[in-house]
$ cat run.csv   # CSV, C-alpha atoms
chain,number,residue,atom,x,y,z
A,5,MET,CA,-18.6,-49.7,-2.4
A,6,ASN,CA,-15.8,-51.2,-4.4
A,7,GLN,CA,-12.9,-48.8,-5.0
A,8,GLU,CA,-10.8,-50.1,-7.9
A,9,ILE,CA,-8.6,-47.4,-9.3
A,10,HIS,CA,-7.1,-44.4,-7.5
A,11,GLY,CA,-4.1,-42.1,-8.0
A,12,GLU,CA,-2.9,-38.6,-8.2
A,13,LEU,CA,-3.8,-36.0,-10.9
A,14,GLU,CA,-0.2,-34.8,-11.0
A,15,ASN,CA,0.7,-38.1,-12.7
A,16,THR,CA,-2.5,-38.8,-14.7
A,17,ARG,CA,-4.8,-36.1,-15.8
A,18,CYS,CA,-8.6,-36.5,-15.9
A,19,SER,CA,-8.8,-36.9,-19.7
A,20,GLU,CA,-6.3,-39.8,-19.6
A,21,ILE,CA,-8.4,-41.5,-16.9
A,22,ILE,CA,-11.6,-41.0,-19.0
A,23,LYS,CA,-9.7,-42.6,-22.0
A,24,ILE,CA,-8.8,-45.6,-19.9
A,25,LEU,CA,-12.3,-46.0,-18.4
A,26,SER,CA,-13.8,-45.6,-21.9
A,27,LEU,CA,-11.5,-48.2,-23.5
A,28,GLY,CA,-12.3,-50.6,-20.7
A,29,LYS,CA,-16.0,-50.0,-21.1
A,30,ARG,CA,-16.3,-49.5,-17.3
A,31,THR,CA,-19.3,-48.6,-15.2
A,32,GLY,CA,-19.0,-46.6,-12.0
A,33,ARG,CA,-18.2,-43.3,-10.5
A,34,LEU,CA,-14.9,-41.4,-10.9
A,35,MET,CA,-14.5,-39.0,-8.0
A,36,LEU,CA,-11.8,-36.3,-8.2
A,37,ASN,CA,-10.6,-33.8,-5.7
A,38,ASN,CA,-8.2,-30.9,-6.3
A,39,GLY,CA,-7.9,-29.8,-2.7
A,40,ALA,CA,-10.6,-27.1,-3.0
A,41,GLU,CA,-13.3,-28.8,-5.0
A,42,THR,CA,-14.7,-32.3,-5.6
A,43,GLY,CA,-16.1,-33.5,-8.8
A,44,ASN,CA,-17.9,-36.8,-9.9
A,45,ILE,CA,-18.1,-38.3,-13.3
A,46,PHE,CA,-20.4,-41.4,-13.7
A,47,PHE,CA,-19.7,-43.9,-16.5
A,48,GLN,CA,-22.0,-46.5,-18.1
A,49,ASP,CA,-20.2,-49.0,-20.3
A,50,GLY,CA,-17.3,-46.6,-20.8
A,51,ASP,CA,-19.4,-43.5,-21.7
A,52,PRO,CA,-19.8,-40.6,-19.3
A,53,ILE,CA,-23.5,-40.2,-18.5
A,54,HIS,CA,-23.5,-37.7,-15.6
A,55,ALA,CA,-21.0,-35.3,-14.1
A,56,GLN,CA,-21.2,-32.8,-11.3
A,57,CYS,CA,-18.7,-30.3,-9.9
A,58,GLY,CA,-20.0,-27.9,-7.3
A,59,PRO,CA,-23.1,-26.4,-8.7
A,60,ILE,CA,-22.2,-27.3,-12.3
A,61,GLU,CA,-23.6,-30.4,-14.0
A,62,GLY,CA,-23.2,-32.1,-17.4
A,63,ASN,CA,-20.5,-31.6,-20.0
A,64,LYS,CA,-19.5,-28.3,-18.4
A,65,ALA,CA,-18.6,-30.1,-15.1
A,66,ILE,CA,-16.4,-32.5,-17.0
A,67,TYR,CA,-14.5,-29.7,-18.8
A,68,GLU,CA,-14.1,-27.9,-15.4
A,69,ILE,CA,-12.6,-31.1,-13.9
A,70,ALA,CA,-10.5,-31.9,-17.0
A,71,VAL,CA,-8.2,-28.9,-16.4
A,72,TRP,CA,-7.3,-29.8,-12.9
A,73,THR,CA,-3.6,-30.5,-12.6
A,74,SER,CA,-3.3,-31.5,-9.0
A,75,GLY,CA,-5.3,-33.6,-6.5
A,76,GLU,CA,-6.4,-37.2,-6.4
A,77,TYR,CA,-8.9,-39.5,-8.0
A,78,HIS,CA,-10.8,-42.6,-7.0
A,79,PHE,CA,-13.0,-44.9,-9.2
A,80,TYR,CA,-15.9,-46.7,-7.5
A,81,VAL,CA,-17.1,-49.6,-9.5
A,82,ASP,CA,-20.8,-50.0,-10.3
A,83,ASP,CA,-21.8,-46.8,-8.6
A,84,THR,CA,-24.7,-45.4,-10.7
A,85,PRO,CA,-26.3,-41.9,-10.8
A,86,ASP,CA,-29.9,-40.9,-10.3
A,87,VAL,CA,-29.9,-38.6,-13.3
A,88,ILE,CA,-28.3,-38.4,-16.7
A,89,THR,CA,-26.8,-35.0,-17.6
A,90,VAL,CA,-24.2,-35.9,-20.3
A,91,ASN,CA,-25.3,-36.9,-23.8
A,92,SER,CA,-22.0,-36.7,-25.7
A,93,SER,CA,-19.7,-39.6,-26.4
A,94,SER,CA,-16.4,-40.1,-24.7
A,95,GLU,CA,-14.6,-39.1,-28.0
A,96,GLU,CA,-16.5,-35.8,-28.3
A,97,ILE,CA,-15.9,-34.9,-24.6
A,98,LEU,CA,-12.2,-35.8,-24.9
A,99,ASN,CA,-11.8,-33.6,-28.0
A,100,GLU,CA,-13.4,-30.6,-26.3
A,101,ALA,CA,-11.5,-31.3,-23.0
A,102,ALA,CA,-8.2,-31.2,-25.0
A,103,ILE,CA,-9.1,-27.7,-26.3
A,104,ARG,CA,-9.9,-26.5,-22.8
A,105,ILE,CA,-6.7,-28.0,-21.4
A,106,ARG,CA,-4.6,-26.2,-24.1
A,107,GLN,CA,-6.4,-22.9,-23.2
A,108,MET,CA,-5.8,-23.5,-19.5
A,109,ASP,CA,-2.1,-24.3,-20.1
A,110,ARG,CA,-1.8,-20.9,-21.7
A,111,VAL,CA,-3.7,-19.3,-18.8
A,112,SER,CA,-1.4,-21.1,-16.3
A,113,SER,CA,1.7,-19.6,-17.9
A,114,LEU,CA,0.4,-16.2,-16.7
A,115,ILE,CA,-1.7,-17.1,-13.6
A,116,SER,CA,-0.1,-19.7,-11.4
A,117,SER,CA,-3.2,-20.5,-9.3
A,118,SER,CA,-6.8,-19.5,-8.6
A,119,SER,CA,-5.7,-18.3,-5.2
A,120,MET,CA,-3.9,-15.4,-6.7
A,121,VAL,CA,-5.0,-11.9,-5.7
A,122,TYR,CA,-5.0,-9.0,-8.2
A,123,THR,CA,-5.6,-5.3,-8.0
A,124,LEU,CA,-6.4,-2.7,-10.6
A,125,ASP,CA,-3.3,-1.2,-12.2
A,126,ALA,CA,-3.6,2.6,-12.5
A,127,ASP,CA,-0.8,2.7,-14.9
A,128,ILE,CA,-2.7,2.0,-18.1
A,129,ASN,CA,-1.0,2.6,-21.5
A,130,GLU,CA,-3.8,2.0,-23.8
A,131,LYS,CA,-5.9,5.0,-24.8
A,132,GLU,CA,-9.1,3.0,-25.4
A,133,ILE,CA,-10.1,-0.3,-24.0
A,134,ASN,CA,-13.2,-2.3,-24.9
A,135,LEU,CA,-14.5,-4.7,-22.3
A,136,LYS,CA,-17.1,-7.4,-22.6
A,137,SER,CA,-19.8,-7.4,-20.0
A,138,ILE,CA,-18.3,-10.5,-18.2
A,139,GLN,CA,-14.9,-8.8,-18.0
A,140,TRP,CA,-16.5,-5.8,-16.5
A,141,LYS,CA,-18.5,-7.9,-14.1
A,142,VAL,CA,-15.2,-9.5,-12.9
A,143,ILE,CA,-13.3,-6.2,-12.7
A,144,ALA,CA,-16.1,-4.8,-10.5
A,145,HIS,CA,-15.2,-7.4,-7.8
A,146,ILE,CA,-11.4,-7.0,-7.9
A,147,ASN,CA,-10.3,-5.2,-4.8
A,148,GLY,CA,-6.8,-6.4,-4.0
A,149,LYS,CA,-8.1,-8.8,-1.4
A,150,ARG,CA,-10.4,-11.3,-3.2
A,151,SER,CA,-8.8,-14.3,-4.8
A,152,ILE,CA,-9.8,-15.5,-8.3
A,153,SER,CA,-11.8,-18.4,-6.7
A,154,ASP,CA,-13.6,-15.9,-4.5
A,155,ILE,CA,-14.6,-13.8,-7.5
A,156,ALA,CA,-15.6,-16.9,-9.4
A,157,GLN,CA,-18.1,-17.7,-6.6
A,158,ILE,CA,-19.4,-14.2,-6.5
A,159,VAL,CA,-20.0,-13.8,-10.3
A,160,GLY,CA,-21.3,-17.4,-10.6
A,161,LEU,CA,-18.7,-18.6,-13.1
A,162,THR,CA,-16.6,-21.7,-12.9
A,163,VAL,CA,-13.0,-21.2,-11.7
A,164,SER,CA,-11.6,-22.1,-15.1
A,165,ASP,CA,-13.9,-19.7,-16.9
A,166,THR,CA,-12.9,-17.0,-14.3
A,167,LEU,CA,-9.3,-17.7,-14.9
A,168,LYS,CA,-9.8,-17.2,-18.6
A,169,VAL,CA,-11.5,-13.8,-18.0
A,170,PHE,CA,-8.6,-12.8,-15.7
A,171,TYR,CA,-6.1,-13.9,-18.4
A,172,THR,CA,-7.8,-11.6,-20.9
A,173,ILE,CA,-8.0,-8.6,-18.5
A,174,ILE,CA,-4.3,-9.0,-17.4
A,175,LYS,CA,-3.3,-9.1,-21.1
A,176,LEU,CA,-5.1,-5.8,-21.5
A,177,GLY,CA,-2.8,-4.4,-18.8
A,178,LEU,CA,-5.5,-3.6,-16.4
A,179,LEU,CA,-4.4,-5.7,-13.5
A,180,ARG,CA,-1.3,-6.3,-11.4
A,181,GLU,CA,-0.6,-8.8,-8.6
A,182,ALA,CA,-1.7,-7.5,-5.3
A,183,ASP,CA,0.3,-9.8,-3.1
A,184,ASN,CA,3.6,-8.0,-2.9
A,185,SER,CA,3.1,-4.3,-2.5
A,186,ASP,CA,-0.3,-4.5,-0.7
A,187,SER,CA,0.7,-7.1,1.8
A,188,VAL,CA,4.1,-5.4,2.4
A,189,GLN,CA,2.2,-2.1,3.0
A,190,GLN,CA,-0.1,-3.8,5.5
A,191,LYS,CA,2.8,-5.4,7.2
A,192,LEU,CA,4.6,-2.1,7.5
A,193,LYS,CA,1.5,-0.5,8.8
A,194,ALA,CA,1.1,-3.1,11.4
A,195,GLU,CA,4.6,-2.4,12.7
A,196,LEU,CA,3.7,1.0,14.0
A,197,PRO,CA,2.1,1.2,17.4
A,198,GLY,CA,-1.5,2.6,17.4
A,199,THR,CA,-1.0,5.5,19.9
A,200,PRO,CA,-2.8,8.8,19.2
A,201,PHE,CA,0.6,10.4,18.5
A,202,VAL,CA,1.7,7.8,16.0
A,203,ASN,CA,-1.7,7.7,14.4
A,204,ALA,CA,-1.7,11.5,13.9
A,205,LEU,CA,1.9,11.3,12.7
A,206,ASN,CA,1.2,8.5,10.2
A,207,ASN,CA,-2.0,10.2,8.9
A,208,ASP,CA,-0.3,13.6,8.3
A,209,PHE,CA,2.9,12.1,6.9
A,210,MET,CA,0.9,9.9,4.6
A,211,LYS,CA,-0.9,13.0,3.2
A,212,ALA,CA,2.5,14.5,2.5
A,213,ILE,CA,4.4,11.5,1.0
A,214,GLY,CA,1.8,8.8,0.3
A,215,PRO,CA,1.6,5.2,1.3
A,216,ILE,CA,5.3,4.7,2.1
A,217,ALA,CA,4.8,7.0,5.1
A,218,SER,CA,4.6,4.2,7.7
A,219,PHE,CA,7.8,2.6,6.4
A,220,ILE,CA,9.7,5.9,6.6
A,221,ILE,CA,8.4,6.6,10.1
A,222,SER,CA,9.5,3.2,11.2
A,223,ALA,CA,13.0,3.4,9.5
A,224,THR,CA,13.6,7.0,10.7
A,225,ALA,CA,12.7,6.1,14.3
A,226,GLU,CA,15.1,3.2,14.1
A,227,ASP,CA,17.9,5.4,12.7
A,228,MET,CA,17.4,8.0,15.4
A,229,GLY,CA,16.9,5.5,18.2
A,230,PHE,CA,13.6,7.2,18.8
A,231,ASP,CA,11.0,5.2,20.7
A,232,LEU,CA,7.6,5.8,19.1
A,233,LEU,CA,5.9,5.2,22.4
A,234,SER,CA,7.9,7.9,24.1
A,235,ASP,CA,5.9,10.8,25.7
A,236,ASP,CA,8.9,13.2,25.7
A,237,VAL,CA,7.8,16.3,23.8
A,238,ASP,CA,11.4,17.3,22.9
A,239,HIS,CA,12.1,14.0,21.4
A,240,ARG,CA,8.8,13.9,19.5
A,241,ALA,CA,9.5,17.4,18.1
A,242,ALA,CA,13.0,16.4,17.0
A,243,PHE,CA,11.5,13.3,15.3
A,244,ILE,CA,8.8,15.4,13.5
A,245,GLU,CA,11.4,17.8,12.4
A,246,THR,CA,13.5,15.0,10.9
A,247,LEU,CA,10.5,13.5,9.2
A,248,SER,CA,9.6,16.9,7.7
A,249,SER,CA,13.0,17.1,6.2
A,250,LYS,CA,12.3,14.0,4.2
A,251,ILE,CA,9.3,15.6,2.4
A,252,LEU,CA,10.6,16.9,-0.9
A,253,ASP,CA,7.6,19.2,-1.6
A,254,GLU,CA,8.2,22.3,0.4
A,255,ASP,CA,4.5,23.2,0.8
A,256,MET,CA,3.7,19.7,2.0
A,257,ALA,CA,6.6,19.8,4.4
A,258,LEU,CA,5.2,23.0,5.9
A,259,TYR,CA,1.7,21.6,6.0
A,260,PHE,CA,3.1,18.6,7.9
A,261,LEU,CA,5.1,20.8,10.3
A,262,ASN,CA,2.1,22.9,10.9
A,263,THR,CA,-0.4,20.2,11.7
A,264,MET,CA,2.2,18.3,13.9
A,265,THR,CA,3.2,21.5,15.7
A,266,ASP,CA,-0.4,22.1,16.5
A,267,TRP,CA,-0.6,18.5,17.8
A,268,LEU,CA,2.4,18.9,20.0
A,269,LYS,CA,1.3,22.2,21.4
A,270,SER,CA,-2.0,20.8,22.4
A,271,GLY,CA,-0.2,17.7,23.8
A,272,ALA,CA,-0.7,18.8,27.4
A,273,ILE,CA,-4.3,17.7,27.2
A,274,ARG,CA,-3.6,14.3,25.6
B,21,MET,CA,-1.5,27.2,13.6
B,22,LYS,CA,-1.2,30.2,11.3
B,23,GLY,CA,2.7,30.3,11.4
B,24,THR,CA,2.8,33.8,12.8
B,25,ILE,CA,5.4,35.5,15.1
B,26,LYS,CA,2.8,35.1,17.9
B,27,ASP,CA,3.2,31.3,17.6
B,28,LEU,CA,6.9,31.7,18.1
B,29,LEU,CA,6.6,33.9,21.1
B,30,LYS,CA,4.2,31.4,22.8
B,31,ILE,CA,7.0,28.9,23.0
B,32,SER,CA,8.3,28.7,26.5
B,33,GLY,CA,11.8,30.3,26.9
B,34,VAL,CA,11.6,32.5,23.8
B,35,TYR,CA,12.7,36.1,24.6
B,36,GLY,CA,12.1,37.7,21.2
B,37,TYR,CA,13.1,37.8,17.6
B,38,SER,CA,14.7,39.8,14.8
B,39,ILE,CA,13.7,40.0,11.2
B,40,ALA,CA,16.2,41.2,8.6
B,41,ARG,CA,15.3,41.9,4.9
B,42,GLY,CA,17.7,43.9,2.7
B,43,ASN,CA,18.5,47.1,4.6
B,44,THR,CA,15.6,46.7,7.1
B,45,ILE,CA,16.3,45.2,10.5
B,46,GLN,CA,13.5,44.8,13.0
B,47,VAL,CA,14.3,43.7,16.6
B,48,LYS,CA,11.7,42.8,19.1
B,49,LEU,CA,13.1,42.1,22.5
B,50,PRO,CA,12.3,43.2,26.1
B,51,SER,CA,14.0,46.5,26.5
B,52,LYS,CA,16.2,45.2,29.3
B,53,HIS,CA,17.5,42.3,27.3
B,54,ARG,CA,21.2,42.5,26.5
B,55,PHE,CA,20.4,41.9,22.8
B,56,ALA,CA,17.9,44.7,22.6
B,57,ASP,CA,20.5,47.2,21.5
B,58,ALA,CA,22.4,44.7,19.3
B,59,LYS,CA,20.9,45.9,16.0
B,60,GLN,CA,24.3,46.7,14.6
B,61,ARG,CA,25.7,43.3,15.4
B,62,ILE,CA,22.6,41.6,14.0
B,63,GLN,CA,23.1,43.7,10.8
B,64,HIS,CA,26.7,42.5,10.5
B,65,LEU,CA,25.6,38.9,11.1
B,66,TYR,CA,22.9,39.2,8.4
B,67,GLU,CA,25.2,40.7,5.8
B,68,SER,CA,27.8,38.1,6.5
B,69,LEU,CA,25.3,35.2,6.2
B,70,MET,CA,23.8,36.6,3.0
B,71,GLU,CA,27.1,36.0,1.3
B,72,GLU,CA,26.6,32.7,-0.5
B,73,SER,CA,30.1,31.4,0.6
B,74,ASN,CA,29.3,32.0,4.2
B,75,LYS,CA,25.9,30.3,4.3
B,76,PRO,CA,26.2,27.1,6.4
B,77,GLY,CA,22.5,26.1,5.9
B,78,ASN,CA,19.0,27.2,6.2
B,79,ILE,CA,18.9,26.9,10.0
B,80,ILE,CA,21.8,28.0,12.1
B,81,GLU,CA,21.9,27.6,15.9
B,82,ILE,CA,24.4,29.7,17.9
B,83,TYR,CA,24.8,28.6,21.5
B,84,LEU,CA,26.0,31.4,23.8
B,85,GLU,CA,26.4,31.0,27.5
B,86,ASP,CA,22.7,31.3,28.5
B,87,ILE,CA,21.2,32.2,25.2
B,88,VAL,CA,20.5,30.3,22.0
B,89,LEU,CA,20.2,32.2,18.7
B,90,THR,CA,18.2,30.2,16.1
B,91,ILE,CA,18.6,31.8,12.7
B,92,PHE,CA,16.3,30.9,9.8
B,93,LEU,CA,17.3,31.9,6.3
B,94,SER,CA,15.3,32.0,3.1
B,95,GLY,CA,16.4,34.1,0.1
B,96,SER,CA,17.2,37.6,1.5
B,97,THR,CA,15.0,37.1,4.6
B,98,MET,CA,16.5,36.2,8.0
B,99,LEU,CA,14.5,35.4,11.1
B,100,MET,CA,16.5,35.2,14.3
B,101,VAL,CA,14.9,33.9,17.4
B,102,ILE,CA,16.5,34.5,20.8
B,103,SER,CA,15.7,32.0,23.5
B,104,ASN,CA,17.1,30.5,26.6
B,105,GLY,CA,18.8,27.1,26.8
B,106,LEU,CA,15.8,25.3,28.2
B,107,THR,CA,13.6,26.0,25.2
B,108,ASN,CA,12.3,23.0,23.2
B,109,LEU,CA,14.6,23.8,20.2
B,110,ALA,CA,13.0,21.2,17.9
B,111,LEU,CA,9.6,22.8,18.4
B,112,LEU,CA,11.2,26.2,18.0
B,113,ARG,CA,12.8,25.1,14.7
B,114,MET,CA,9.5,23.7,13.5
B,115,THR,CA,7.6,26.8,14.3
B,116,GLY,CA,10.4,29.0,13.0
B,117,LYS,CA,10.3,27.3,9.6
B,118,LEU,CA,6.5,28.0,9.4
B,119,VAL,CA,6.9,31.6,10.4
B,120,LEU,CA,9.7,32.2,7.9
B,121,ALA,CA,7.6,30.5,5.1
B,122,THR,CA,4.7,32.9,6.0
B,123,LEU,CA,7.1,35.9,6.0
B,124,VAL,CA,8.4,35.0,2.6
B,125,LYS,CA,5.0,34.4,1.2
B,126,GLU,CA,3.8,37.8,2.5
B,127,LYS,CA,6.8,39.4,0.9
B,128,HIS,CA,6.0,38.0,-2.6
B,129,LYS,CA,2.3,39.1,-2.4
$ encode --input "run.csv" --output "structure tokens"
Amino acid sequence: MNQEIHGELENTRCSEIIKILSLGKRTGRLMLNNGAETGNIFFQDGDPIHAQCGPIEGNKAIYEIAVWTSGEYHFYVDDTPDVITVNSSSEEILNEAAIRIRQMDRVSSLISSSSMVYTLDADINEKEINLKSIQWKVIAHINGKRSISDIAQIVGLTVSDTLKVFYTIIKLGLLREADNSDSVQQKLKAELPGTPFVNALNNDFMKAIGPIASFIISATAEDMGFDLLSDDVDHRAAFIETLSSKILDEDMALYFLNTMTDWLKSGAIR
Amino acid sequence: MKGTIKDLLKISGVYGYSIARGNTIQVKLPSKHRFADAKQRIQHLYESLMEESNKPGNIIEIYLEDIVLTIFLSGSTMLMVISNGLTNLALLRMTGKLVLATLVKEKHK
């Protein structure tokens, strides 16, 4: 296999390579890789005749590859396909690719990569929002853990099409980035030891003040020099008392005190 | 836990309690306890604490030689718990807060 041209997509984007191969009336296979996916475009005398990117074939595959902005490419001379899936001329494909690239540039200004994770934003300002079925299909899979590429795979869309759907949903104000708050929350949660006392404390304190409970438990323990693993009932009671003073809602503070007092009193059997 | 006086009395080292509301003072202590006849002094303490300028906080702890007086205040209600120095005071404060909340709630019913 004769490899003649190769380079990086950061310097030369796919549409420019197609233009060069088209002008040179070249025959062979252009293989591109963006780190996550690989695509192939076959040329016959400068015209693309077959393209494939993952499960996608034909013109769609070219448009998917055309928007890649990083990765590498190699051109293998005289490599020919078994099938023909592209029937448009280079010029037509390049025009359409240019439109897609402009769209993707706009999307990239809002979403930096397909590895981004989003979660639904409960703080919606709009009174009424109309969603297309594809937007709804995507939203149904957003859970604060799945990346855009994961969701693309689940709903059977190309990554670039999924990015566009995300772009429209974000513009509607329905999503927010999950990375920061959610991962911080998990990190803070992970800092607490998983003893029965700490678990009970965390659960009841969370009911009283919400998801920042574990952070406050951790910070208060540090301030008081209290060892969360300590078995000392006196120290535990003093710690619970201090935590309860941080609950602004009086009823919730009493509820917390009540459940934790019960817990402490039955501590002898734990 | 229901947050009743019984819960307070179950705490190890607690001798008894006193509840003061307006002109009513109720003292529950073993008859031989030296505070059992201290109704007058508790009345003075209550009146003094009810004056806004004298109120140091919602929970006051007074350490005597072998006795600790833990006083809980809410509005015009005062709950005083008399215990020894070995009592788990944090647990006592937690329970006391709950008992006082129940007392105040009952008063408003």
$ closest_residue --input "run.csv" --among "B:Asn78, B:Ser96, B:Ser103, B:Ser38" --to "chain A" --atoms "only C-alpha atoms"
B:Asn78
$ residues_around --input "run.csv" --residues "Ala102 in chain A" --least-positions-apart "4" --cutoff "10 Å" --atoms "all atoms listed in the file" --output "ChimeraX atom specification"
/A:19,67,70-71,97-98,106-108
$ atom_distance --input "run.csv" --atom1 "CA of Ser218 in chain A" --atom2 "CA of Gly116 in chain B"
26.0 Å
$ residues_near_point --input "run.csv" --point "(13.9, 37.8, 13.5)" --cutoff "8 Å" --atoms "all atoms listed in the file" --output "PyMOL selection string"
chain B and resi 36-40+46-48+91+98-101
$ closest_residue --input "run.csv" --among "A:Leu124, A:Met256, A:Met228, A:Ala40" --to "Ile143 in chain A" --atoms "all atoms listed in the file"
A:Leu124
$ interface_residues --input "run.csv" --of "chain B" --to "chain A" --cutoff "7 Å" --atoms "only C-alpha atoms" --output "ChimeraX atom specification"
/B:21,108,110-111,114,118
$ residues_around --input "run.csv" --residues "Asn43 in chain B" --least-positions-apart "3" --cutoff "10 Å" --atoms "only C-alpha atoms" --output "compact mmCIF listing (two decimals) with C-alpha atoms, keeping the file's coordinate frame"
# COMPACT_ATOMS: atom_id res chain seq x y z
CA ALA B 40 16.20 41.20 8.60
CA GLN B 63 23.10 43.70 10.80
CA TYR B 66 22.90 39.20 8.40
CA GLU B 67 25.20 40.70 5.80
$ atom_distance --input "run.csv" --atom1 "CA of Val88 in chain B" --atom2 "CA of His53 in chain B"
13.5 Å
$ residues_around --input "run.csv" --residues "range 24-31 of chain B" --least-positions-apart "2" --cutoff "6 Å" --atoms "only C-alpha atoms" --output "list in words"
Lys22, Val34 and Val119 of chain B
$ atom_distance --input "run.csv" --atom1 "CA of Leu161 in chain A" --atom2 "CA of Asp86 in chain A"
25.1 Å
$ closest_residue --input "run.csv" --among "A:Thr16, A:Arg104, A:Leu34, A:Lys23" --to "Ser74 in chain A" --atoms "only C-alpha atoms"
A:Thr16
$ residues_around --input "run.csv" --residues "range 109-111 of chain A" --least-positions-apart "6" --cutoff "10 Å" --atoms "all atoms listed in the file" --output "list in words"
Val71, Thr73, Ile103, Ser117, Ser164, Leu167, Lys168, Val169, Phe170, Tyr171 and Thr172 of chain A
$ closest_residue --input "run.csv" --among "A:Lys149, A:Lys136, A:His54, A:His10" --to "Tyr80 in chain A" --atoms "only C-alpha atoms"
A:His10
$ residues_around --input "run.csv" --residues "Leu36 in chain A" --least-positions-apart "6" --cutoff "6 Å" --atoms "only C-alpha atoms" --output "ChimeraX atom specification"
/A:42-43,76-77
$ write_last_selection --input "run.csv" --atoms "C-alpha atoms" --output "PDB file, in the frame of the given file"
ATOM      1  CA  THR A  42     -14.700 -32.300  -5.600  1.00  0.00           C
ATOM      2  CA  GLY A  43     -16.100 -33.500  -8.800  1.00  0.00           C
ATOM      3  CA  GLU A  76      -6.400 -37.200  -6.400  1.00  0.00           C
ATOM      4  CA  TYR A  77      -8.900 -39.500  -8.000  1.00  0.00           C
TER       5      TYR A  77
END
$ closest_residue --input "run.csv" --among "A:Val81, A:Leu176, A:Val90, A:Val159" --to "Asp127 in chain A" --atoms "only C-alpha atoms"
A:Leu176
$ closest_residue --input "run.csv" --among "A:Gln56, A:Asn37, A:Ser94, A:Asn206" --to "Ile22 in chain A" --atoms "all atoms listed in the file"
A:Ser94
